[in-house]
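Chemist: Questions regarding the structure given below will be posed in turn.
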Amino acid sequence: MCSNNYDLINKRSYLVPSHVAIIMDGNGRWATKQGKLRIFGHRAGVKSVRKAVKFAIKHKLSVLTLYAFSSENWRRPVQEVIDLMELFIWALDNEVKSLHKYNVNLRVIGDIEQFNNCIQKRIHYAQKLTQHNKGLVLNIAANYSGRWDIVQGTKKIAKQVQKGLLNPDHITEEILSIYLCTQELPPVDLVIRTGGEHRVSNFLLWQIAYAEFWFTDILWPDFNELIFQDALHSFMKRERRYGGNSQEIISKLFVKRGDFC
Ligand code: IPE
Ligand code: IPE
Ligand code: MG
């Protein structure tokens, strides 16, 4: 085992997260603390989204998945939901061109058929415009829930079986993964949650099976590059064992990446 190769794996393949997912929480409390309406917090949150995307591009992450609106968020007061939908339209109208310029491949994951036509049209336009971009994959989870994702993937698989195109005995974890909203993308390495809560709130349940978690009390509108950096540094110090032990993981990486030796 040559030490140079060991360093290469540690730096590029083992420690740096490829897929980061963020639960952007705390907008409402941020606004309330300042005596403002909650929508001010959501608007301020858009600026933090820009910072997170910029950071992800700069640090060459492959995938950034942002939880923008959960399937459960429809339970909020009608006015807040209306305000959030208007903000979503505004963001799609104003941010997509610049994302395209930065070679970002934008995908909206979730049950988008529940959105009105105006939003659906913009989502389709944004996805089509950026579909061939080879830079950061940016997933915006909107009307998303992890349980819904598993159910919709299972329904698609059941249809393939019904048509005789898939043998139930050939269904594997890899096949189910491909039928989820995140499709061919790698599993989540790191989940960041702002806003002080220590829960998953129905986000990417399948994809986070072996993710590392990083929680902060910082409210989402106060998120910035330095906080993202802290999360990344914490991740890079962790030892991911996947149920094995360190020695075993290193030897597996060498088996998988024998081309480095
Ligand atoms: C997260 O912030 C944004 C959405 C869920 C849309 P919140 O609106 O949940 O803010 P808090 O948690 O109430 O402060
Ligand atoms: C999670 O935040 C959803 C998003 C950030 C979009 P919530 O504020 O909805 O989560 P709970 O209700 O505190 O679990
Ligand atoms: Mg919240």
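In the structure tokens, chains take the letters A, B, ... in the order shown, each chain's residues start at 1, and ligands count up from 1 in the order shown.
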Please find the residues contacting ligand 3 at a distance of at most 8 Å between atoms, with only C-alpha atoms and all ligand atoms counted, and report them as a PyMOL selection string.

Modeler: chain A and resi 25-28+195

Chemist: Just the selected residues (all heavy atoms), exported as a PDB file, in the first residue's frame, please.

Modeler:
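The resulting result.pdb:
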```pdb
ATOM      1  N   ASP A  25     -33.965  25.360   8.019  1.00  0.00           N
ATOM      2  CA  ASP A  25     -35.032  25.646   8.989  1.00  0.00           C
ATOM      3  C   ASP A  25     -34.724  26.915   9.798  1.00  0.00           C
ATOM      4  O   ASP A  25     -33.555  27.242  10.033  1.00  0.00           O
ATOM      5  CB  ASP A  25     -35.182  24.435   9.928  1.00  0.00           C
ATOM      6  CG  ASP A  25     -36.505  24.463  10.680  1.00  0.00           C
ATOM      7  OD1 ASP A  25     -37.452  25.128  10.210  1.00  0.00           O
ATOM      8  OD2 ASP A  25     -36.594  23.812  11.734  1.00  0.00           O
ATOM      9  N   GLY A  26     -35.781  27.594  10.227  1.00  0.00           N
ATOM     10  CA  GLY A  26     -35.625  28.730  11.141  1.00  0.00           C
ATOM     11  C   GLY A  26     -35.995  30.085  10.552  1.00  0.00           C
ATOM     12  O   GLY A  26     -35.830  31.115  11.221  1.00  0.00           O
ATOM     13  N   ASN A  27     -36.540  30.095   9.327  1.00  0.00           N
ATOM     14  CA  ASN A  27     -36.899  31.384   8.704  1.00  0.00           C
ATOM     15  C   ASN A  27     -37.947  32.144   9.522  1.00  0.00           C
ATOM     16  O   ASN A  27     -37.834  33.358   9.717  1.00  0.00           O
ATOM     17  CB  ASN A  27     -37.502  31.157   7.308  1.00  0.00           C
ATOM     18  CG  ASN A  27     -36.502  30.593   6.336  1.00  0.00           C
ATOM     19  OD1 ASN A  27     -35.318  30.558   6.616  1.00  0.00           O
ATOM     20  ND2 ASN A  27     -36.987  30.134   5.183  1.00  0.00           N
ATOM     21  N   GLY A  28     -38.970  31.427   9.969  1.00  0.00           N
ATOM     22  CA  GLY A  28     -40.083  32.053  10.687  1.00  0.00           C
ATOM     23  C   GLY A  28     -39.600  32.677  11.985  1.00  0.00           C
ATOM     24  O   GLY A  28     -39.914  33.853  12.288  1.00  0.00           O
ATOM     25  N   GLY A 195     -31.473  25.834  12.545  1.00  0.00           N
ATOM     26  CA  GLY A 195     -32.703  26.125  13.279  1.00  0.00           C
ATOM     27  C   GLY A 195     -32.870  25.382  14.594  1.00  0.00           C
ATOM     28  O   GLY A 195     -33.899  25.527  15.252  1.00  0.00           O
TER      29      GLY A 195
END
```

Chemist: So that I can check the surroundings of Ile157 of chain A, please list as a ChimeraX atom specification every protein, DNA and RNA residue that reaches within 12 Å of it, counting only C-alpha atoms and ignoring chain neighbours fewer than 3 positions away.

Modeler: /A:150-154,160-168,170-173,175-180

Chemist: Could those selected residues go to a file with N, CA and C atoms, as a PDB file, in the first residue's frame?

Modeler:
```pdb
ATOM      1  N   ILE A 150     -40.520   7.120  -1.487  1.00  0.00           N
ATOM      2  CA  ILE A 150     -40.411   5.657  -1.508  1.00  0.00           C
ATOM      3  C   ILE A 150     -41.680   5.039  -2.110  1.00  0.00           C
ATOM      4  N   VAL A 151     -42.836   5.623  -1.788  1.00  0.00           N
ATOM      5  CA  VAL A 151     -44.091   5.094  -2.343  1.00  0.00           C
ATOM      6  C   VAL A 151     -44.137   5.300  -3.859  1.00  0.00           C
ATOM      7  N   GLN A 152     -43.751   6.517  -4.331  1.00  0.00           N
ATOM      8  CA  GLN A 152     -43.828   6.743  -5.790  1.00  0.00           C
ATOM      9  C   GLN A 152     -42.842   5.842  -6.533  1.00  0.00           C
ATOM     10  N   GLY A 153     -41.686   5.602  -5.948  1.00  0.00           N
ATOM     11  CA  GLY A 153     -40.706   4.702  -6.575  1.00  0.00           C
ATOM     12  C   GLY A 153     -41.231   3.270  -6.621  1.00  0.00           C
ATOM     13  N   THR A 154     -41.867   2.862  -5.532  1.00  0.00           N
ATOM     14  CA  THR A 154     -42.414   1.498  -5.461  1.00  0.00           C
ATOM     15  C   THR A 154     -43.523   1.310  -6.501  1.00  0.00           C
ATOM     16  N   GLN A 160     -43.678  -1.732 -13.701  1.00  0.00           N
ATOM     17  CA  GLN A 160     -42.735  -2.468 -14.552  1.00  0.00           C
ATOM     18  C   GLN A 160     -42.955  -3.974 -14.401  1.00  0.00           C
ATOM     19  N   VAL A 161     -43.197  -4.411 -13.159  1.00  0.00           N
ATOM     20  CA  VAL A 161     -43.442  -5.834 -12.904  1.00  0.00           C
ATOM     21  C   VAL A 161     -44.738  -6.255 -13.598  1.00  0.00           C
ATOM     22  N   GLN A 162     -45.772  -5.400 -13.453  1.00  0.00           N
ATOM     23  CA  GLN A 162     -47.083  -5.703 -14.054  1.00  0.00           C
ATOM     24  C   GLN A 162     -46.973  -5.873 -15.570  1.00  0.00           C
ATOM     25  N   LYS A 163     -46.118  -5.037 -16.191  1.00  0.00           N
ATOM     26  CA  LYS A 163     -45.946  -5.122 -17.655  1.00  0.00           C
ATOM     27  C   LYS A 163     -45.044  -6.275 -18.057  1.00  0.00           C
ATOM     28  N   GLY A 164     -44.486  -6.961 -17.100  1.00  0.00           N
ATOM     29  CA  GLY A 164     -43.582  -8.083 -17.395  1.00  0.00           C
ATOM     30  C   GLY A 164     -42.175  -7.631 -17.748  1.00  0.00           C
ATOM     31  N   LEU A 165     -41.836  -6.359 -17.451  1.00  0.00           N
ATOM     32  CA  LEU A 165     -40.510  -5.839 -17.806  1.00  0.00           C
ATOM     33  C   LEU A 165     -39.484  -6.049 -16.689  1.00  0.00           C
ATOM     34  N   LEU A 166     -39.967  -6.402 -15.512  1.00  0.00           N
ATOM     35  CA  LEU A 166     -39.051  -6.564 -14.375  1.00  0.00           C
ATOM     36  C   LEU A 166     -39.475  -7.785 -13.564  1.00  0.00           C
ATOM     37  N   ASN A 167     -38.479  -8.609 -13.280  1.00  0.00           N
ATOM     38  CA  ASN A 167     -38.726  -9.793 -12.461  1.00  0.00           C
ATOM     39  C   ASN A 167     -38.611  -9.386 -10.989  1.00  0.00           C
ATOM     40  N   PRO A 168     -39.645  -9.613 -10.158  1.00  0.00           N
ATOM     41  CA  PRO A 168     -39.580  -9.187  -8.745  1.00  0.00           C
ATOM     42  C   PRO A 168     -38.329  -9.712  -8.033  1.00  0.00           C
ATOM     43  N   HIS A 170     -35.485  -9.764  -9.172  1.00  0.00           N
ATOM     44  CA  HIS A 170     -34.321  -8.961  -9.564  1.00  0.00           C
ATOM     45  C   HIS A 170     -34.340  -7.560  -8.944  1.00  0.00           C
ATOM     46  N   ILE A 171     -35.351  -7.279  -8.095  1.00  0.00           N
ATOM     47  CA  ILE A 171     -35.399  -5.949  -7.460  1.00  0.00           C
ATOM     48  C   ILE A 171     -34.345  -5.889  -6.357  1.00  0.00           C
ATOM     49  N   THR A 172     -33.468  -4.907  -6.490  1.00  0.00           N
ATOM     50  CA  THR A 172     -32.382  -4.747  -5.513  1.00  0.00           C
ATOM     51  C   THR A 172     -32.436  -3.331  -4.933  1.00  0.00           C
ATOM     52  N   GLU A 173     -31.594  -3.072  -3.968  1.00  0.00           N
ATOM     53  CA  GLU A 173     -31.524  -1.717  -3.399  1.00  0.00           C
ATOM     54  C   GLU A 173     -31.119  -0.720  -4.481  1.00  0.00           C
ATOM     55  N   ILE A 175     -31.752  -0.887  -7.676  1.00  0.00           N
ATOM     56  CA  ILE A 175     -32.881  -0.623  -8.584  1.00  0.00           C
ATOM     57  C   ILE A 175     -33.876   0.317  -7.912  1.00  0.00           C
ATOM     58  N   LEU A 176     -34.213   0.055  -6.663  1.00  0.00           N
ATOM     59  CA  LEU A 176     -35.158   0.957  -5.989  1.00  0.00           C
ATOM     60  C   LEU A 176     -34.595   2.384  -5.943  1.00  0.00           C
ATOM     61  N   SER A 177     -33.287   2.515  -5.681  1.00  0.00           N
ATOM     62  CA  SER A 177     -32.665   3.852  -5.621  1.00  0.00           C
ATOM     63  C   SER A 177     -32.915   4.630  -6.910  1.00  0.00           C
ATOM     64  N   ILE A 178     -32.794   3.934  -8.040  1.00  0.00           N
ATOM     65  CA  ILE A 178     -32.929   4.611  -9.334  1.00  0.00           C
ATOM     66  C   ILE A 178     -34.358   5.108  -9.570  1.00  0.00           C
ATOM     67  N   TYR A 179     -35.334   4.454  -8.958  1.00  0.00           N
ATOM     68  CA  TYR A 179     -36.733   4.874  -9.130  1.00  0.00           C
ATOM     69  C   TYR A 179     -37.134   6.005  -8.170  1.00  0.00           C
ATOM     70  N   LEU A 180     -36.231   6.359  -7.260  1.00  0.00           N
ATOM     71  CA  LEU A 180     -36.529   7.480  -6.360  1.00  0.00           C
ATOM     72  C   LEU A 180     -36.237   8.794  -7.083  1.00  0.00           C
TER      73      LEU A 180
END
```

Chemist: Just the number, please: distance in Å from atom CA of Asp149 of chain A to atom CA of Val108 of chain A, one decimal.

Modeler: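 If I compute the distance from atom CA of Asp149 of chain A to atom CA of Val108 of chain A, I get 12.8 Å.
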
Chemist: Quick one: residues within 6 Å of ligand 2, with only C-alpha atoms and all ligand atoms, as number ranges by chain?

Modeler: A: 23-25, 67-70, 73, 201

Chemist: Kindly indicate which residue among A:Val200, A:Leu15, A:Leu219, A:Val49 lies nearest to ligand 1, using only C-alpha atoms and all ligand atoms for the distances.

Modeler: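 That would be A:Leu219, the residue with the smallest distance to ligand 1.
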
Chemist: Can you tell me, as a list in words, what residues are no more than 10 Å from Glu95 of chain A when counting only C-alpha atoms, ignoring any on the same chain fewer than 5 positions away?

Modeler: Val46, Arg50, Trp90, His100 and Ala126 of chain A

Chemist: Interatomic distance between atom CA of Leu61 of chain A and atom CA of Asn224 of chain A?

Modeler: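 A separation of 16.2 Å between them.
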
Chemist: Counting only C-alpha atoms, which of A:Trp74, A:Trp220, A:Phe235, A:Tyr144 gets nearest to Leu204 of chain A?

Modeler: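 Checking each candidate against Leu204 of chain A, we get A:Tyr144 as the closest.
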
Chemist: Neighbouring residues of Lys60 of chain A were defined as those with any atom within 12 Å, considering only C-alpha atoms; residues of the same chain fewer than 2 positions away were excluded. Please report them as a PyMOL selection string.

Modeler: chain A and resi 12+16-20+53-58+62-64+103-104+134-137

Chemist: Could you save those same residues with C-alpha atoms as a compact mmCIF listing (two decimals), in the first residue's frame?

Modeler:
```txt
# COMPACT_ATOMS: atom_id res chain seq x y z
CA ARG A 12 -10.62 13.09 -2.77
CA VAL A 16 -14.91 15.21 1.00
CA PRO A 17 -18.69 14.85 0.77
CA SER A 18 -20.04 14.35 -2.68
CA HIS A 19 -23.70 14.90 -1.80
CA VAL A 20 -24.76 17.42 0.86
CA VAL A 53 -24.99 27.22 -3.86
CA LYS A 54 -21.97 29.45 -4.37
CA PHE A 55 -20.07 27.54 -1.70
CA ALA A 56 -21.04 24.17 -3.21
CA ILE A 57 -19.80 25.29 -6.64
CA LYS A 58 -16.57 26.69 -5.22
CA SER A 62 -21.31 17.03 -6.92
CA VAL A 63 -24.82 17.36 -5.49
CA LEU A 64 -26.56 19.83 -3.19
CA ASN A 103 -23.40 25.37 -15.27
CA VAL A 104 -25.80 24.17 -12.53
CA LYS A 134 -22.34 19.30 -16.11
CA GLY A 135 -21.59 21.33 -12.98
CA LEU A 136 -23.29 21.11 -9.60
CA VAL A 137 -26.54 19.13 -9.48
```

Chemist: May I ask for the distance between atom 4 (C, counted along the ligand's line) of ligand 1 and atom CA of Phe203 of chain A, given in Å to one decimal place?

Modeler: 12.4 Å

Chemist: Calculated over only C-alpha atoms and all ligand atoms, which of the candidates A:Ala52, A:Met236, A:Ala141, A:Ala209 has the smallest distance to ligand 1?

Modeler: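 Checking each of A:Ala52, A:Met236, A:Ala141, A:Ala209 against ligand 1, counting only C-alpha atoms and all ligand atoms, the winner is A:Ala141.
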
Chemist: List every residue of segment 8-180 of chain A that DSSP, applied to the backbone of this structure, places in strand (DSSP E or B), and write the result as a list of chain:residue names.

Modeler: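 Strand (DSSP E or B) assignments inside segment 8-180 of chain A correspond to A:His19, A:Val20, A:Ala21, A:Ile22, A:Ile23, A:Val63, A:Leu64, A:Thr65, A:Leu66, A:Tyr67, A:Ala68, A:Phe69, A:Ser70, A:Asn105, A:Leu106, A:Arg107, A:Val108, A:Ile109, A:Val137, A:Leu138, A:Asn139, A:Ile140, A:Ala141, A:Ala142, A:Asn143, A:Tyr144.
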
Chemist: Given only C-alpha atoms and all ligand atoms as the basis, pick out the residue of A:Thr182, A:Asp111, A:Asn143, A:Asn133 nearest to ligand 1.

Modeler: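 Closest residue, counting only C-alpha atoms and all ligand atoms: A:Asn143.
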
Chemist: Find the spatial neighbours of Val96 of chain A, counting only C-alpha atoms, within a cut-off of 9 Å - ignore same-chain residues fewer than 3 positions away - and output them as a list in words.

Modeler: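 Contacts, in chain order: Ala91, Leu92, Asp93, Leu99, His100, Lys101, Leu106, Ala126, Leu129 and Thr130 of chain A.
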
Chemist: Show which residues sit within 12 Å of Asn116 of chain A, as a PDB file with N, CA, C and O atoms, in the first residue's frame. Count only C-alpha atoms, and ignore same-chain residues fewer than 6 positions away.

Modeler:
```pdb
ATOM      1  N   ILE A  82     -49.520  30.849   0.645  1.00  0.00           N
ATOM      2  CA  ILE A  82     -49.608  31.720  -0.545  1.00  0.00           C
ATOM      3  C   ILE A  82     -48.302  32.508  -0.704  1.00  0.00           C
ATOM      4  O   ILE A  82     -47.718  32.579  -1.791  1.00  0.00           O
ATOM      5  N   MET A  85     -45.556  30.284  -2.034  1.00  0.00           N
ATOM      6  CA  MET A  85     -45.712  29.964  -3.464  1.00  0.00           C
ATOM      7  C   MET A  85     -45.276  31.165  -4.314  1.00  0.00           C
ATOM      8  O   MET A  85     -44.610  31.000  -5.341  1.00  0.00           O
ATOM      9  N   GLU A  86     -45.644  32.365  -3.874  1.00  0.00           N
ATOM     10  CA  GLU A  86     -45.231  33.568  -4.634  1.00  0.00           C
ATOM     11  C   GLU A  86     -43.714  33.708  -4.636  1.00  0.00           C
ATOM     12  O   GLU A  86     -43.099  34.056  -5.644  1.00  0.00           O
ATOM     13  N   PHE A  88     -41.606  31.263  -4.382  1.00  0.00           N
ATOM     14  CA  PHE A  88     -41.076  30.195  -5.236  1.00  0.00           C
ATOM     15  C   PHE A  88     -41.097  30.656  -6.700  1.00  0.00           C
ATOM     16  O   PHE A  88     -40.102  30.524  -7.427  1.00  0.00           O
ATOM     17  N   ILE A  89     -42.204  31.262  -7.111  1.00  0.00           N
ATOM     18  CA  ILE A  89     -42.316  31.779  -8.488  1.00  0.00           C
ATOM     19  C   ILE A  89     -41.247  32.857  -8.713  1.00  0.00           C
ATOM     20  O   ILE A  89     -40.540  32.845  -9.726  1.00  0.00           O
ATOM     21  N   ARG A 122     -42.899  26.826 -14.899  1.00  0.00           N
ATOM     22  CA  ARG A 122     -41.559  27.369 -14.600  1.00  0.00           C
ATOM     23  C   ARG A 122     -40.576  26.266 -14.214  1.00  0.00           C
ATOM     24  O   ARG A 122     -39.399  26.307 -14.563  1.00  0.00           O
ATOM     25  N   ILE A 123     -41.062  25.279 -13.478  1.00  0.00           N
ATOM     26  CA  ILE A 123     -40.188  24.162 -13.086  1.00  0.00           C
ATOM     27  C   ILE A 123     -39.710  23.420 -14.346  1.00  0.00           C
ATOM     28  O   ILE A 123     -38.524  23.151 -14.508  1.00  0.00           O
ATOM     29  N   ASN A 143     -42.624  20.295  -2.120  1.00  0.00           N
ATOM     30  CA  ASN A 143     -43.715  19.340  -1.887  1.00  0.00           C
ATOM     31  C   ASN A 143     -43.124  17.932  -1.843  1.00  0.00           C
ATOM     32  O   ASN A 143     -43.601  17.013  -2.489  1.00  0.00           O
TER      33      ASN A 143
END
```

Chemist: Could you please write out, as a VMD selection string, every residue of segment 51-95 of chain A that DSSP assigns to alpha helix (DSSP H)?

Modeler: chain A and resid 51 to 58 78 to 95

Chemist: For each of A:Cys118, A:Cys181, A:Ala21, A:Leu84, take the minimum atom-to-atom distance to ligand 1, counting only C-alpha atoms and all ligand atoms, then give the residue where this is smallest.

Modeler: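 So, comparing all the options, the nearest one is A:Leu84.
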